[in-house]
Each structure stands twice: as structure tokens, then as C-alpha cells.
>>> print(open('coords06.csv').read())   # CSV, C-alpha atoms
chain,number,residue,atom,x,y,z
A,124,MET,CA,3.9,-7.0,4.8
A,125,ILE,CA,5.5,-8.7,1.8
A,126,VAL,CA,9.3,-9.1,2.3
A,127,SER,CA,11.3,-10.3,-0.6
A,128,PHE,CA,14.9,-11.6,-0.6
A,129,ASP,CA,17.5,-11.6,-3.3
A,130,ILE,CA,19.3,-15.0,-3.8
A,131,ASP,CA,22.8,-14.6,-5.1
A,132,ASN,CA,25.3,-13.5,-2.5
A,133,THR,CA,22.4,-12.5,-0.2
A,134,LEU,CA,20.9,-15.9,0.7
A,135,ILE,CA,23.0,-18.2,-1.5
A,136,PRO,CA,26.8,-17.6,-1.3
A,137,TYR,CA,29.0,-17.4,-4.4
A,138,GLY,CA,31.8,-19.0,-2.2
A,139,ASP,CA,32.5,-18.8,1.5
A,140,GLU,CA,31.4,-15.2,2.0
A,141,PHE,CA,29.2,-16.1,4.9
A,142,PRO,CA,28.2,-19.2,7.0
A,143,VAL,CA,25.5,-21.4,5.7
A,144,GLU,CA,22.8,-23.6,7.3
A,145,GLY,CA,23.7,-27.2,8.1
A,146,ARG,CA,22.8,-29.7,5.4
A,147,SER,CA,20.7,-32.6,6.6
A,148,PRO,CA,20.0,-35.8,4.7
A,149,TRP,CA,16.8,-34.2,3.5
A,150,THR,CA,18.7,-31.2,2.1
A,151,ARG,CA,21.1,-33.6,0.4
A,152,LEU,CA,18.3,-35.6,-1.1
A,153,LEU,CA,16.4,-32.6,-2.6
A,154,GLY,CA,19.7,-31.3,-3.8
A,155,GLY,CA,19.4,-27.5,-3.6
A,156,GLU,CA,22.0,-25.0,-2.8
A,157,ALA,CA,23.3,-24.1,0.6
A,158,ILE,CA,21.6,-21.1,2.1
A,159,ARG,CA,22.8,-18.4,4.5
A,160,ARG,CA,22.8,-19.3,8.2
A,161,GLY,CA,19.8,-17.7,9.9
A,162,THR,CA,17.5,-17.9,6.8
A,163,VAL,CA,15.4,-20.7,8.2
A,164,SER,CA,14.7,-19.1,11.6
A,165,LEU,CA,14.2,-15.6,9.9
A,166,PHE,CA,11.7,-16.9,7.4
A,167,ARG,CA,9.7,-18.7,10.1
A,168,ALA,CA,9.8,-15.7,12.4
A,169,LEU,CA,8.5,-13.5,9.6
A,170,GLU,CA,5.7,-15.9,8.7
A,171,ASP,CA,4.8,-16.3,12.4
A,172,ARG,CA,4.4,-12.5,12.5
A,173,GLY,CA,2.0,-12.6,9.6
A,174,HIS,CA,4.4,-11.5,6.8
A,175,GLU,CA,4.7,-13.1,3.4
A,176,VAL,CA,8.2,-14.2,2.4
A,177,TRP,CA,9.1,-14.1,-1.3
A,178,LEU,CA,12.2,-14.7,-3.3
A,179,TYR,CA,13.1,-12.0,-5.9
A,180,THR,CA,16.2,-12.6,-8.1
A,181,THR,CA,17.5,-11.6,-11.5
A,182,SER,CA,18.9,-15.2,-11.7
A,183,PHE,CA,17.4,-17.3,-14.5
A,184,ARG,CA,17.2,-20.4,-12.4
A,185,SER,CA,13.8,-21.9,-12.7
A,186,ARG,CA,11.2,-21.0,-10.1
A,187,TRP,CA,10.8,-24.7,-9.3
A,188,TYR,CA,14.5,-25.2,-8.8
A,189,LEU,CA,14.6,-22.3,-6.3
A,190,ARG,CA,11.5,-23.6,-4.5
A,191,ARG,CA,13.1,-27.0,-4.3
A,192,SER,CA,16.3,-25.5,-2.9
A,193,PHE,CA,14.3,-23.8,-0.1
A,194,LEU,CA,12.0,-26.7,0.5
A,195,ALA,CA,15.1,-28.7,1.3
A,196,TYR,CA,15.3,-26.6,4.4
A,197,GLY,CA,11.6,-26.8,5.2
A,198,LEU,CA,10.8,-23.4,3.7
A,199,TRP,CA,8.2,-22.6,1.1
A,200,PRO,CA,8.3,-18.9,0.0
A,201,LYS,CA,4.9,-17.6,-0.9
A,202,ARG,CA,6.1,-16.4,-4.4
A,203,VAL,CA,9.3,-16.7,-6.4
A,204,ILE,CA,10.2,-14.0,-8.9
A,205,ASN,CA,13.1,-15.1,-11.2
A,206,GLY,CA,14.9,-13.4,-14.0
A,207,ASP,CA,12.4,-14.4,-16.6
A,208,LEU,CA,9.4,-13.0,-14.7
A,209,ASN,CA,11.3,-9.9,-13.6
A,210,THR,CA,12.4,-9.1,-17.2
A,211,GLN,CA,8.8,-9.5,-18.4
A,212,VAL,CA,7.3,-7.2,-15.8
A,213,LEU,CA,10.0,-4.6,-16.1
A,214,ARG,CA,9.6,-4.4,-19.9
A,215,ALA,CA,5.9,-4.2,-19.6
A,216,HIS,CA,6.3,-1.1,-17.4
A,217,GLN,CA,9.2,0.3,-19.4
A,218,CYS,CA,11.3,0.2,-16.3
A,219,THR,CA,15.1,0.3,-16.8
A,220,ALA,CA,16.0,-0.8,-13.2
A,221,SER,CA,17.5,-4.3,-12.6
A,222,LYS,CA,14.7,-4.9,-10.1
A,223,ASN,CA,11.7,-3.0,-9.0
A,224,PRO,CA,9.9,-4.8,-6.1
A,225,ALA,CA,7.2,-2.1,-6.1
A,226,LEU,CA,5.9,-3.4,-9.4
A,227,PHE,CA,5.1,-6.7,-7.7
A,228,GLY,CA,3.5,-5.1,-4.6
A,229,ILE,CA,6.6,-5.9,-2.4
A,230,ASP,CA,6.9,-3.8,0.8
A,231,LEU,CA,10.5,-4.5,1.6
A,232,HIS,CA,13.3,-6.0,-0.4
A,233,VAL,CA,16.4,-7.5,1.2
A,234,ASP,CA,19.5,-7.5,-1.1
A,235,ASP,CA,23.3,-7.3,-1.0
A,236,SER,CA,23.7,-4.8,-3.8
A,237,ALA,CA,24.3,-1.1,-3.2
A,238,GLY,CA,23.0,-0.6,-6.8
A,239,VAL,CA,19.6,-2.0,-5.8
A,240,ARG,CA,19.6,0.4,-2.9
A,241,GLN,CA,20.2,3.3,-5.4
A,242,GLU,CA,17.4,1.9,-7.6
A,243,GLY,CA,15.1,1.8,-4.6
A,244,LEU,CA,15.8,5.5,-3.9
A,245,ARG,CA,15.2,6.3,-7.6
A,246,TYR,CA,12.1,4.2,-8.1
A,247,GLY,CA,10.6,4.5,-4.7
A,248,PHE,CA,10.9,1.0,-3.3
A,249,GLU,CA,12.1,0.0,0.2
A,250,THR,CA,15.4,-1.8,0.6
A,251,PHE,CA,17.5,-3.3,3.3
A,252,ILE,CA,21.1,-4.0,2.2
A,253,ILE,CA,23.1,-6.6,4.0
A,254,GLU,CA,26.8,-7.2,3.9
A,255,PRO,CA,28.2,-10.7,3.5
A,256,GLY,CA,30.0,-10.5,6.9
A,257,ASP,CA,27.0,-9.3,8.8
A,258,LEU,CA,26.3,-12.1,11.3
A,259,GLN,CA,23.4,-10.1,12.8
A,260,TRP,CA,21.6,-9.6,9.5
A,261,ALA,CA,18.5,-11.7,10.4
A,262,SER,CA,17.9,-9.9,13.6
A,263,ARG,CA,18.3,-6.5,11.8
A,264,VAL,CA,15.6,-7.6,9.3
A,265,LEU,CA,13.3,-8.5,12.1
A,266,GLU,CA,13.9,-5.3,14.0
A,267,LEU,CA,13.0,-3.4,10.8
A,268,VAL,CA,9.8,-5.2,10.1
A,269,ASP,CA,8.7,-5.0,13.8
A,270,ARG,CA,9.0,-1.2,13.9
A,271,PRO,CA,5.8,0.7,13.5
A,272,GLY,CA,5.3,2.6,10.3
A,273,LYS,CA,6.9,2.0,6.9
A,274,PRO,CA,10.6,1.3,6.7
A,275,ARG,CA,12.7,3.6,4.4
A,276,THR,CA,16.2,3.6,3.1
A,277,ILE,CA,18.4,6.6,3.9
A,278,PRO,CA,21.2,7.5,1.4
A,279,GLY,CA,24.6,6.9,3.0
A,280,ASP,CA,23.2,4.6,5.7
A,281,ASN,CA,25.5,1.7,4.8
A,282,GLY,CA,22.4,0.0,3.5
A,283,ARG,CA,20.6,0.0,6.8
A,284,ALA,CA,17.0,1.1,6.7
A,285,ALA,CA,16.1,3.7,9.3
A,286,ARG,CA,13.2,5.6,10.7
>>> encode(input="coords06.csv", output="C-alpha cells")
Amino acid sequence: MIVSFDIDNTLIPYGDEFPVEGRSPWTRLLGGEAIRRGTVSLFRALEDRGHEVWLYTTSFRSRWYLRRSFLAYGLWPKRVINGDLNTQVLRAHQCTASKNPALFGIDLHVDDSAGVRQEGLRYGFETFIIEPGDLQWASRVLELVDRPGKPRTIPGDNGRAAR
């Protein structure tokens, strides 16, 4: 399964919306941004289970910058889709959504935006929406990908994917 993660306010906070991973001398040296607590263990657990972990953002940060930010924590997402690539692919498919993970072959997209959830329902891609205050978000993602069958998003489910 390919699982993608949004960046802004999902994995990288705008402010102090959620706790972040500790910053080691290595993270300070590489310079990247602080990432949400639980990201390191979640990415490793997903990879250990044979899943691919991608980043998918509408941010126009360079893909190298985003890779470096995650490398600072010992993580190397398999693919990074930034705003430039996203715009190019959406235009090529005449898609008016802000994101469409299905166009990239992504099986599940994790985001903080209810609007992305609505686009998932409209365009047929699977989403899992997390709230900034959800301290159990990583275990919820693992529960979802560990369930047999394909995850799906239910309207009015507070963003939680269900069976």
C-alpha cells in the first residue's frame, strides 16, 4: 500500500498545534523543520509492514528541502510530491481538486483538511483526516492500514476512515 502524508499542519505544525519530535544535533545540522511527534515511529512501522511512505503537499517547498527535513530524523520517504508536481499532474488531467492522490497511484492519503476529505469523496480517493490535538493519530493510521480490505472514508465520520 502507498500511504501519503500532507505536510502543513499535518506533519509540520504552523505553531504549537501539536507536540513535535525532539531535535537532535543531527536534526539541527541538517536544518529541516520540526515534525509531529510519532512521525518517526509511524513511518518506520509502515515501512516494516511493507508499505511505501510518500509526502504529498501543495506547498511549493522544493522536494529536496522536504527530503532533507525528513532525513534529519532518519526518514527517507519513497516519493515527494510538492505543489509544482501536483499542479502539473492535476492540470494534465483537468482536475480541479487541490489534491488527487489517486492520480499518483496513492492508496491512502493522511491530511488535516476536511476539504481534502470532501475531495476524496468526490474524486474517489481514500483519506484519513487527523486533528491537531489527536495524540493517538499514529496508532489510528496503523490500525487502518492493518485492517483487511480497502479503507474508505465515510461522510460525517469526523475524518476517521471506517470499514
>>> closest_atom_pairs(input="coords06.csv", of="range 255-276 of chain A", to="range 146-160 of chain A", cutoff="10 Å", atoms="only C-alpha atoms", output="JSON lines")
{"residue": "A:Pro255", "atom": "CA", "partner": "A:Arg159", "partner_atom": "CA", "distance": 9.5}
{"residue": "A:Leu258", "atom": "CA", "partner": "A:Arg160", "partner_atom": "CA", "distance": 8.6}
{"residue": "A:Trp260", "atom": "CA", "partner": "A:Arg160", "partner_atom": "CA", "distance": 9.9}
{"residue": "A:Ala261", "atom": "CA", "partner": "A:Arg160", "partner_atom": "CA", "distance": 9.0}
>>> residues_around(input="coords06.csv", residues="Ala215 in chain A", least_positions_apart="6", cutoff="12 Å", atoms="all atoms listed in the file", output="list in words")
Leu208, Asn209 and Leu226 of chain A
>>> write_last_selection(input="coords06.csv", atoms="C-alpha atoms", output="CSV table (one decimal), keeping the file's coordinate frame")
chain,number,residue,atom,x,y,z
A,208,LEU,CA,9.4,-13.0,-14.7
A,209,ASN,CA,11.3,-9.9,-13.6
A,226,LEU,CA,5.9,-3.4,-9.4
>>> residues_around(input="coords06.csv", residues="range 162-172 of chain A", least_positions_apart="6", cutoff="10 Å", atoms="all atoms listed in the file", output="PyMOL selection string")
chain A and resi 124-126+134-135+143-144+193+196-201+260-262+264-265+268-269
>>> residues_around(input="coords06.csv", residues="range 131-133 of chain A", least_positions_apart="3", cutoff="9 Å", atoms="only C-alpha atoms", output="ChimeraX atom specification")
/A:128,136-138,140-141,158-159,180-182,233-236,252-255
>>> closest_residue(input="coords06.csv", among="A:Glu175, A:Arg186, A:His232, A:Leu194", to="Phe251 in chain A", atoms="all atoms listed in the file")
A:His232
>>> closest_residue(input="coords06.csv", among="A:Pro271, A:Gly243, A:Gly145, A:Gly173", to="Pro224 in chain A", atoms="all atoms listed in the file")
A:Gly243
>>> atom_distance(input="coords06.csv", atom1="CA of Tyr188 in chain A", atom2="CA of Cys218 in chain A")
26.7 Å
>>> build_atoms(input="coords06.csv", residues="range 161-175 of chain A", atoms="N, CA and C atoms", output="PDB file, in the frame of the given file")
ATOM      1  N   GLY A 161      20.787 -18.578   9.357  1.00  0.00           N
ATOM      2  CA  GLY A 161      19.800 -17.700   9.900  1.00  0.00           C
ATOM      3  C   GLY A 161      18.569 -17.524   9.008  1.00  0.00           C
ATOM      4  N   THR A 162      18.661 -18.010   7.770  1.00  0.00           N
ATOM      5  CA  THR A 162      17.500 -17.900   6.800  1.00  0.00           C
ATOM      6  C   THR A 162      16.322 -18.665   7.329  1.00  0.00           C
ATOM      7  N   VAL A 163      16.522 -19.883   7.779  1.00  0.00           N
ATOM      8  CA  VAL A 163      15.400 -20.700   8.200  1.00  0.00           C
ATOM      9  C   VAL A 163      14.649 -20.057   9.356  1.00  0.00           C
ATOM     10  N   SER A 164      15.361 -19.658  10.397  1.00  0.00           N
ATOM     11  CA  SER A 164      14.700 -19.100  11.600  1.00  0.00           C
ATOM     12  C   SER A 164      14.070 -17.700  11.184  1.00  0.00           C
ATOM     13  N   LEU A 165      14.735 -16.923  10.331  1.00  0.00           N
ATOM     14  CA  LEU A 165      14.200 -15.600   9.900  1.00  0.00           C
ATOM     15  C   LEU A 165      12.898 -15.817   9.131  1.00  0.00           C
ATOM     16  N   PHE A 166      12.890 -16.688   8.147  1.00  0.00           N
ATOM     17  CA  PHE A 166      11.700 -16.900   7.400  1.00  0.00           C
ATOM     18  C   PHE A 166      10.523 -17.352   8.241  1.00  0.00           C
ATOM     19  N   ARG A 167      10.807 -18.256   9.162  1.00  0.00           N
ATOM     20  CA  ARG A 167       9.700 -18.700  10.100  1.00  0.00           C
ATOM     21  C   ARG A 167       9.250 -17.628  10.981  1.00  0.00           C
ATOM     22  N   ALA A 168      10.167 -16.818  11.490  1.00  0.00           N
ATOM     23  CA  ALA A 168       9.800 -15.700  12.400  1.00  0.00           C
ATOM     24  C   ALA A 168       8.925 -14.695  11.592  1.00  0.00           C
ATOM     25  N   LEU A 169       9.302 -14.393  10.366  1.00  0.00           N
ATOM     26  CA  LEU A 169       8.500 -13.500   9.600  1.00  0.00           C
ATOM     27  C   LEU A 169       7.107 -14.017   9.310  1.00  0.00           C
ATOM     28  N   GLU A 170       7.024 -15.287   8.959  1.00  0.00           N
ATOM     29  CA  GLU A 170       5.700 -15.900   8.700  1.00  0.00           C
ATOM     30  C   GLU A 170       4.892 -15.949  10.005  1.00  0.00           C
ATOM     31  N   ASP A 171       5.522 -16.246  11.141  1.00  0.00           N
ATOM     32  CA  ASP A 171       4.800 -16.300  12.400  1.00  0.00           C
ATOM     33  C   ASP A 171       4.242 -14.888  12.771  1.00  0.00           C
ATOM     34  N   ARG A 172       4.876 -13.827  12.279  1.00  0.00           N
ATOM     35  CA  ARG A 172       4.400 -12.500  12.500  1.00  0.00           C
ATOM     36  C   ARG A 172       3.379 -12.029  11.469  1.00  0.00           C
ATOM     37  N   GLY A 173       3.030 -12.922  10.566  1.00  0.00           N
ATOM     38  CA  GLY A 173       2.000 -12.600   9.600  1.00  0.00           C
ATOM     39  C   GLY A 173       2.504 -12.026   8.269  1.00  0.00           C
ATOM     40  N   HIS A 174       3.820 -12.010   8.070  1.00  0.00           N
ATOM     41  CA  HIS A 174       4.400 -11.500   6.800  1.00  0.00           C
ATOM     42  C   HIS A 174       4.497 -12.553   5.776  1.00  0.00           C
ATOM     43  N   GLU A 175       4.448 -12.147   4.518  1.00  0.00           N
ATOM     44  CA  GLU A 175       4.700 -13.100   3.400  1.00  0.00           C
ATOM     45  C   GLU A 175       6.167 -12.972   3.040  1.00  0.00           C
TER      46      GLU A 175
END
